[in-house]
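Q: Okay, handing you the structure first.
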Amino acid sequence: MLGEPRKHSRTGGENRHSRIPIQGYSPRVSVTLTGLVERITYENEQSGFRVVRLGKVEGEGARSTSAVVVGSFQAVGPGMRLRVTGDYVVDARHGEQFRAEVVVPIEPNTLIGIERYLASGLIPGVGPAMAKRIVQTFELRTFDVLDREPGRLTEVQGLGPKRRKEIQQSWAAQRALSGVLVLLSSHGASHSLALRIWKHYGDRAASIVQRSPYRLALDVRGVGFKTADRLAASLGIARDHPERCQAGVVHVLGELAESGHVLAERAALVASVAQLLEVDEVHIETAIDALFAQERVFVDGDGVYLYRLYRAECEVARGARRLLEQEALPAPGVEKALEDFEKKRKIELAPSQRRAVETAARERLAVITGGPGVGKTTIVRALLAVLEGQGLKVRLAAPTGRAAKRLAEATGREASTLHRLLELDPRQGGFQRDSDRPLEADALIVDEASMVDIELGAALFAALPEKVRLLFVGDADQLPSVGPGALLRDLLEAGNVPSQRLTEIFRQAAASGIVQNAHRILRGEMPETGDAENPAADFFIVRKRTPEEAAETVRELVLNRIPKRFQLDPRKDIQVLTPMHRGPAGTLSLNELLQGALNPSGPAIESRNQTLRVGDKVIQTKNDYDREVFNGDVGFIESVDPEARSLEVRFDHGSVEYDEGALDSLMLSYAISVHKSQGSEYPALVLPLLTTHFVMLSKNLLYTAVTRARRLCVLVADPRALSLAVADTRREVRRTRLAERLRGERDVGRA
């Protein structure tokens with residue numbers, strides 16, 4: 001198990017299905033062609049991705065008189081003439097194609113050309129016969145009439161009022177869309193971006209882009225500040241324009257939220273935004289005040305919040321304080337219920353476990369925390385026996401599907417994700433359960449509570465009925481939630497929330513090297529490697545100093561050594577975690593290496609500088625309410641359509657389709673960051689830990705990683721890095737004011 005890995009060639013990682021430039025054509029050198037649309041081979045209206053065949057192709061870079069054009073662009077029809085700019089590529093499955101970056105329809109200037117253009121299917125309700133009548137009526141002035149005098153369609157024989165209105169609306173929509181596309185493409189934007197802008201603003205799109213380009217970053221999903229800033233610069237917007245400064249403030253607050261912070265210190269925020277935008281700080285101060293007046297940020301003394309995060313923090317504080325202000329409940333029969341539970345399970349609860357159950361049975365709000373092997377699951381089972389013995393309706397929930405599944409298996413009761421419990425409405429992006437329609441439960445137990453961020457916590461507290469018991473169970477020593485906030489830590493640090501911290505490791509768990517080493521790490525001690533000859537050993541340390549050596553060892557462990565000794569599936573049962581994304585031992589390089597070893601060939605598409613292939617393990621990187629998949633969900637690609645640039649992923653809860661517009665939310669997950677692993681458990685875990693990971697090394701991070709392993713944990717570590725991590729007492733400090741609000745030291749806003 002611990003011997004040196006055999007040397008392997010890395011040629012298996014080559015991508016045989018990627019698009020590569022034809023010799024003599026660089027993808028950086030644009031070619032412009034013109035041609036006539038002969039056929040629409042494929043189109044996806046949602047993403048705008050299309051495959052069309054052009055005939056009568058002309059242009060300096062033309063390779064023949066026809067071309068297959070692929071890309072995201074506006075709807076076109078047979079007979080239309082197009083000007084396309086891009087480059088030639090070779091697709092392993094479909095051969096030579098022209099990948100278009102910009103597609104501009106060219107208006108015909110002959111009667112036959114105008115007739116074909118109108119009859120192309122671009123305008124609903126206009127077929128060949130109607131197109132002929134319109135052109136016969138207006139001749140070469142047809143486009144001018146449709147643009148400037150659409151009322152004259154009454155002159156066309158056989159065209160009724162309803163059909164006239166439909167043609168006017170369709171023509172106006174197409175012209176407006178074309179205007180947006182031309183405007184945006186001239187400023188470096190892609191068609192898919194233009195399509196999103198058009199869908200959001202409709203006919204107002206062009207004027208909004210020209211007058212207020214920074215609104216795009218606030219209003220349009222998938223448009224960030226940097227994209228809007230490039231457009232604005234191209235349009236000549238001044239660097240110190242008020243809207244630019246306001247957008248910069250929102251952008252930096254958003255980046256801080258992605259790093260877990262709920263608010264920013266005003267002085268630091270002002271300095272950061274001023275540096276980013278290269279403007280005087282006085283403009284940023286003015287921008288913050290303007291955003292506060294618009295209720296887009298909230299200013300709380302020397303702190304500045306995105307307004308939604310301020311509301312969320314106050315919602316949690318109000319809800320928690322409401323529960324804390326209620327008197328403790330009588331819990332008749334607790335002793336008898338616990339005796340019956342012990343007899344049935346043939347166990348004896350420790351005094352700390354009994355106190356935890358009694359606290360949770362009596363208090364309206366309580367927290368139970370502790371590391372692996374301390375009996376948290378036993379407490380949940382015991383509490384269920386007590387509460388259900390009183391005839392109470394108890395609901396179980398966890399932040400993720402995998403955590404909910406484990407909770408259900410451990411208790412023998414139904415458990416759901418918090419999103420399902422709160423009845424997520426994908427169309428609205430919100431929850432159907434709220435203060436107007438609260439949950440139907442007498443008690444609610446939430447497991448893996450360290451993963452609950454402030455916004456999900458706010459939705460939960462808002463949906464609680466007036467009389468309810470709420471118990472959070474989790475490990476406060478793990479890294480905090482992926483989303484903003486540190487809910488579990490804040491509840492404990494407030495000092496007024498009834499809680500029980502469990503520290504005693506029970507006999508069965510004490511035999512596990514994983515459990516023992518997790519607690520050693522918490523105490524600041526070095527973990528110990530297991531005996532390679534002991535078949536029960538479950539924790540190993542393989543010493544490697546360089547990232548390259550570590551990466552190759554990780555590959556050998558996943559591909560051969562672990563599957564051979566432990567009979568585990570390398571794709572489904574073994575998870576590689578790593579502290580960072582960059583470098584030879586980061587997620588990006590390791591994913592490429594492991595994909596090449598485990599899944600080197602098959603139908604694939606390129607997205608975000610990675611190859612996504614049938615059979616690949618992938619992770620969702622952002623919440624997608626439409627598809628009901630959430631940040632951290634892991635699945636396997638079931639099918640890929642390279643022509644349509646779409647694929648299907650099977651998650652624990654079912655299959656989900658992804659079109660081109662959604663692909664950027666998927667990443668390969670043979671290797672993922674420790675942060676992304678929260679709430680999950682894996683049969684086997686491999687963790688490279690090196691001095692190049694210095695900025696991320698901490699006891700917190702190492703502990704979180706080790707506690708994700710169920711049957712086997714292997715550290716591929718430089719002893720110096722391991723020593724640094726164990727000695728480093730840094731916690732991931734997040735800026736929140738929830739604990740202060742829970743103690744009543746700050747206002748909790750209005751409901």
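For the structure tokens, the naming scheme is as follows: chains receive sequential letters (A, B, ...) according to their order of presentation, residues are indexed from 1 within each chain, and ligands are indexed from 1 in presentation order.
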Skipping near chain neighbours, those fewer than 2 positions away, what residues fall within 10 Å of stretch 419-430 of chain A using only C-alpha atoms, listed as a PDB file with N, CA, C and O atoms, in the first residue's frame?

A:
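Ended up saving to part01.pdb:
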```pdb
ATOM      1  N   ARG A 395     -39.572  16.675  12.088  1.00  0.00           N
ATOM      2  CA  ARG A 395     -39.034  16.683  10.725  1.00  0.00           C
ATOM      3  C   ARG A 395     -37.509  16.673  10.804  1.00  0.00           C
ATOM      4  O   ARG A 395     -36.913  17.304  11.681  1.00  0.00           O
ATOM      5  N   LEU A 396     -36.890  15.973   9.857  1.00  0.00           N
ATOM      6  CA  LEU A 396     -35.429  15.901   9.767  1.00  0.00           C
ATOM      7  C   LEU A 396     -34.975  16.529   8.460  1.00  0.00           C
ATOM      8  O   LEU A 396     -35.578  16.290   7.413  1.00  0.00           O
ATOM      9  N   ALA A 397     -33.890  17.293   8.507  1.00  0.00           N
ATOM     10  CA  ALA A 397     -33.406  17.950   7.294  1.00  0.00           C
ATOM     11  C   ALA A 397     -31.903  18.163   7.376  1.00  0.00           C
ATOM     12  O   ALA A 397     -31.306  18.139   8.460  1.00  0.00           O
ATOM     13  N   ALA A 398     -31.294  18.376   6.216  1.00  0.00           N
ATOM     14  CA  ALA A 398     -29.865  18.675   6.102  1.00  0.00           C
ATOM     15  C   ALA A 398     -29.669  19.572   4.885  1.00  0.00           C
ATOM     16  O   ALA A 398     -30.525  19.620   4.001  1.00  0.00           O
ATOM     17  N   PRO A 399     -28.543  20.281   4.801  1.00  0.00           N
ATOM     18  CA  PRO A 399     -28.354  21.232   3.694  1.00  0.00           C
ATOM     19  C   PRO A 399     -28.206  20.597   2.319  1.00  0.00           C
ATOM     20  O   PRO A 399     -28.543  21.212   1.322  1.00  0.00           O
ATOM     21  N   THR A 400     -27.655  19.370   2.240  1.00  0.00           N
ATOM     22  CA  THR A 400     -27.415  18.755   0.935  1.00  0.00           C
ATOM     23  C   THR A 400     -28.125  17.415   0.822  1.00  0.00           C
ATOM     24  O   THR A 400     -28.496  16.802   1.829  1.00  0.00           O
ATOM     25  N   GLY A 401     -28.269  16.950  -0.419  1.00  0.00           N
ATOM     26  CA  GLY A 401     -28.919  15.676  -0.663  1.00  0.00           C
ATOM     27  C   GLY A 401     -28.171  14.523  -0.026  1.00  0.00           C
ATOM     28  O   GLY A 401     -28.784  13.610   0.551  1.00  0.00           O
ATOM     29  N   ALA A 415     -35.861  12.019   5.720  1.00  0.00           N
ATOM     30  CA  ALA A 415     -35.116  13.277   5.864  1.00  0.00           C
ATOM     31  C   ALA A 415     -35.024  13.934   4.500  1.00  0.00           C
ATOM     32  O   ALA A 415     -34.904  13.255   3.486  1.00  0.00           O
ATOM     33  N   SER A 416     -35.074  15.240   4.475  1.00  0.00           N
ATOM     34  CA  SER A 416     -35.045  15.954   3.191  1.00  0.00           C
ATOM     35  C   SER A 416     -33.998  17.049   3.235  1.00  0.00           C
ATOM     36  O   SER A 416     -33.498  17.416   4.304  1.00  0.00           O
ATOM     37  N   THR A 417     -33.665  17.573   2.070  1.00  0.00           N
ATOM     38  CA  THR A 417     -32.818  18.762   2.039  1.00  0.00           C
ATOM     39  C   THR A 417     -33.634  19.948   2.548  1.00  0.00           C
ATOM     40  O   THR A 417     -34.876  19.940   2.500  1.00  0.00           O
ATOM     41  N   GLN A 432     -41.685  28.413  -1.016  1.00  0.00           N
ATOM     42  CA  GLN A 432     -43.118  28.534  -0.792  1.00  0.00           C
ATOM     43  C   GLN A 432     -43.466  28.517   0.696  1.00  0.00           C
ATOM     44  O   GLN A 432     -44.518  28.990   1.101  1.00  0.00           O
ATOM     45  N   ARG A 433     -42.587  27.928   1.499  1.00  0.00           N
ATOM     46  CA  ARG A 433     -42.792  27.952   2.945  1.00  0.00           C
ATOM     47  C   ARG A 433     -42.161  29.215   3.512  1.00  0.00           C
ATOM     48  O   ARG A 433     -40.971  29.488   3.323  1.00  0.00           O
ATOM     49  N   ASP A 434     -42.973  30.008   4.211  1.00  0.00           N
ATOM     50  CA  ASP A 434     -42.483  31.249   4.810  1.00  0.00           C
ATOM     51  C   ASP A 434     -43.389  31.601   5.974  1.00  0.00           C
ATOM     52  O   ASP A 434     -44.145  30.740   6.464  1.00  0.00           O
ATOM     53  N   ARG A 437     -46.960  30.849   5.292  1.00  0.00           N
ATOM     54  CA  ARG A 437     -47.267  29.420   5.138  1.00  0.00           C
ATOM     55  C   ARG A 437     -46.149  28.620   5.810  1.00  0.00           C
ATOM     56  O   ARG A 437     -45.309  28.013   5.158  1.00  0.00           O
ATOM     57  N   PRO A 438     -46.145  28.609   7.153  1.00  0.00           N
ATOM     58  CA  PRO A 438     -45.038  27.989   7.878  1.00  0.00           C
ATOM     59  C   PRO A 438     -45.021  26.467   7.756  1.00  0.00           C
ATOM     60  O   PRO A 438     -45.996  25.847   7.319  1.00  0.00           O
ATOM     61  N   LEU A 439     -43.904  25.888   8.165  1.00  0.00           N
ATOM     62  CA  LEU A 439     -43.753  24.435   8.161  1.00  0.00           C
ATOM     63  C   LEU A 439     -44.748  23.790   9.114  1.00  0.00           C
ATOM     64  O   LEU A 439     -45.112  24.376  10.138  1.00  0.00           O
ATOM     65  N   LEU A 456     -29.871  30.787   3.619  1.00  0.00           N
ATOM     66  CA  LEU A 456     -30.685  29.587   3.819  1.00  0.00           C
ATOM     67  C   LEU A 456     -31.204  29.549   5.252  1.00  0.00           C
ATOM     68  O   LEU A 456     -32.354  29.164   5.503  1.00  0.00           O
ATOM     69  N   ALA A 459     -34.231  31.816   5.472  1.00  0.00           N
ATOM     70  CA  ALA A 459     -35.429  31.179   4.915  1.00  0.00           C
ATOM     71  C   ALA A 459     -36.002  30.166   5.889  1.00  0.00           C
ATOM     72  O   ALA A 459     -37.228  30.044   6.037  1.00  0.00           O
ATOM     73  N   LEU A 460     -35.117  29.439   6.589  1.00  0.00           N
ATOM     74  CA  LEU A 460     -35.579  28.446   7.559  1.00  0.00           C
ATOM     75  C   LEU A 460     -36.288  29.110   8.735  1.00  0.00           C
ATOM     76  O   LEU A 460     -37.405  28.724   9.103  1.00  0.00           O
ATOM     77  N   ALA A 462     -37.663  32.000   8.875  1.00  0.00           N
ATOM     78  CA  ALA A 462     -38.898  32.664   8.431  1.00  0.00           C
ATOM     79  C   ALA A 462     -40.054  31.681   8.311  1.00  0.00           C
ATOM     80  O   ALA A 462     -41.216  32.077   8.421  1.00  0.00           O
ATOM     81  N   ALA A 463     -39.740  30.411   8.078  1.00  0.00           N
ATOM     82  CA  ALA A 463     -40.794  29.411   7.846  1.00  0.00           C
ATOM     83  C   ALA A 463     -41.159  28.624   9.095  1.00  0.00           C
ATOM     84  O   ALA A 463     -41.994  27.704   9.028  1.00  0.00           O
ATOM     85  N   LEU A 464     -40.572  28.949  10.251  1.00  0.00           N
ATOM     86  CA  LEU A 464     -40.865  28.191  11.465  1.00  0.00           C
ATOM     87  C   LEU A 464     -42.232  28.564  12.025  1.00  0.00           C
ATOM     88  O   LEU A 464     -42.589  29.750  12.076  1.00  0.00           O
ATOM     89  N   ASN A 623     -25.726  27.706  -7.222  1.00  0.00           N
ATOM     90  CA  ASN A 623     -27.128  27.316  -7.099  1.00  0.00           C
ATOM     91  C   ASN A 623     -27.862  27.579  -8.407  1.00  0.00           C
ATOM     92  O   ASN A 623     -27.752  28.665  -8.982  1.00  0.00           O
ATOM     93  N   ASP A 624     -28.598  26.581  -8.873  1.00  0.00           N
ATOM     94  CA  ASP A 624     -29.407  26.715 -10.088  1.00  0.00           C
ATOM     95  C   ASP A 624     -30.828  26.318  -9.718  1.00  0.00           C
ATOM     96  O   ASP A 624     -31.169  25.133  -9.672  1.00  0.00           O
ATOM     97  N   TYR A 625     -31.653  27.321  -9.420  1.00  0.00           N
ATOM     98  CA  TYR A 625     -33.005  27.040  -8.945  1.00  0.00           C
ATOM     99  C   TYR A 625     -33.890  26.458 -10.038  1.00  0.00           C
ATOM    100  O   TYR A 625     -34.813  25.691  -9.756  1.00  0.00           O
ATOM    101  N   ASP A 626     -33.624  26.816 -11.299  1.00  0.00           N
ATOM    102  CA  ASP A 626     -34.414  26.270 -12.398  1.00  0.00           C
ATOM    103  C   ASP A 626     -34.237  24.758 -12.500  1.00  0.00           C
ATOM    104  O   ASP A 626     -35.197  24.019 -12.715  1.00  0.00           O
ATOM    105  N   ARG A 627     -33.009  24.296 -12.362  1.00  0.00           N
ATOM    106  CA  ARG A 627     -32.734  22.865 -12.497  1.00  0.00           C
ATOM    107  C   ARG A 627     -32.766  22.130 -11.165  1.00  0.00           C
ATOM    108  O   ARG A 627     -32.591  20.920 -11.104  1.00  0.00           O
ATOM    109  N   GLU A 628     -32.931  22.881 -10.071  1.00  0.00           N
ATOM    110  CA  GLU A 628     -32.950  22.313  -8.725  1.00  0.00           C
ATOM    111  C   GLU A 628     -31.663  21.549  -8.421  1.00  0.00           C
ATOM    112  O   GLU A 628     -31.677  20.434  -7.883  1.00  0.00           O
ATOM    113  N   PHE A 630     -27.676  22.382  -6.724  1.00  0.00           N
ATOM    114  CA  PHE A 630     -27.124  23.412  -5.858  1.00  0.00           C
ATOM    115  C   PHE A 630     -25.619  23.262  -5.691  1.00  0.00           C
ATOM    116  O   PHE A 630     -25.036  22.198  -5.934  1.00  0.00           O
TER     117      PHE A 630
END
```

Q: For the contact check between stretch 428-520 of chain A and stretch 310-321 of chain A, emit one row per residue of stretch 428-520 of chain A within 12 Å, containing the shortest atom pair and the distance in Å rounded to one decimal, counting only C-alpha atoms, chain then rising number order, as a tab-separated table.

A:
```
residue	atom	partner	partner_atom	distance
A:Asp434	CA	A:Glu315	CA	11.5
A:Ser435	CA	A:Gly319	CA	10.6
A:Val452	CA	A:Val316	CA	11.6
A:Asp453	CA	A:Ala312	CA	9.7
A:Ile454	CA	A:Ala312	CA	6.2
A:Glu455	CA	A:Ala312	CA	5.3
A:Leu456	CA	A:Ala312	CA	8.4
A:Gly457	CA	A:Val316	CA	6.4
A:Ala458	CA	A:Val316	CA	4.9
A:Ala459	CA	A:Ala312	CA	7.9
A:Leu460	CA	A:Val316	CA	8.3
A:Phe461	CA	A:Gly319	CA	5.4
A:Ala462	CA	A:Glu315	CA	6.8
A:Ala463	CA	A:Gly319	CA	9.4
A:Leu464	CA	A:Gly319	CA	8.2
A:Pro465	CA	A:Gly319	CA	10.3
A:Glu466	CA	A:Gly319	CA	9.8
A:Lys467	CA	A:Gly319	CA	11.7
A:Val468	CA	A:Gly319	CA	11.3
A:Arg469	CA	A:Ala320	CA	11.1
A:Leu470	CA	A:Ala320	CA	9.4
A:Leu471	CA	A:Ala320	CA	11.4
A:Phe472	CA	A:Ala320	CA	11.8
A:Pro484	CA	A:Glu313	CA	10.3
A:Gly485	CA	A:Glu313	CA	8.6
A:Ala486	CA	A:Glu313	CA	10.5
A:Leu487	CA	A:Val316	CA	8.9
A:Leu488	CA	A:Val316	CA	11.5
A:Asp490	CA	A:Ala317	CA	10.3
A:Leu491	CA	A:Ala320	CA	8.9
A:Ala494	CA	A:Ala317	CA	10.6
A:Asn496	CA	A:Arg321	CA	9.5
A:Val497	CA	A:Ala320	CA	8.6
A:Pro498	CA	A:Ala320	CA	11.4
```

Q: So which bits of stretch 548-584 of chain A end up strand (DSSP E) when you DSSP the backbone, as a ChimeraX atom specification?

A: /A:574-578

Q: Which is closer to A:Ala366 than all the others in A:Ala382, A:Ala287, A:Ala537, A:Leu492, using only C-alpha atoms?

A: A:Leu492

Q: Which is closer to A:Thr369 than all the others in A:Arg555, A:His283, A:Arg355, A:Arg501, using only C-alpha atoms?

A: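 Comparing A:Arg555, A:His283, A:Arg355, A:Arg501 against A:Thr369, the winner is A:Arg501.
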
Q: Identify which of the residues A:Leu702, A:Ala92, A:Leu218, A:Ala476 lies closest to A:Leu722, counting only C-alpha atoms when measuring atom-to-atom distances.

A: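 Closest to A:Leu722 of all the choices is A:Leu702.
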
Q: Using only C-alpha atoms, which of the listed residues (A:Pro547, A:Gly113, A:Gly744, A:Gly158) sits closest to A:Phe143?

A: A:Gly113
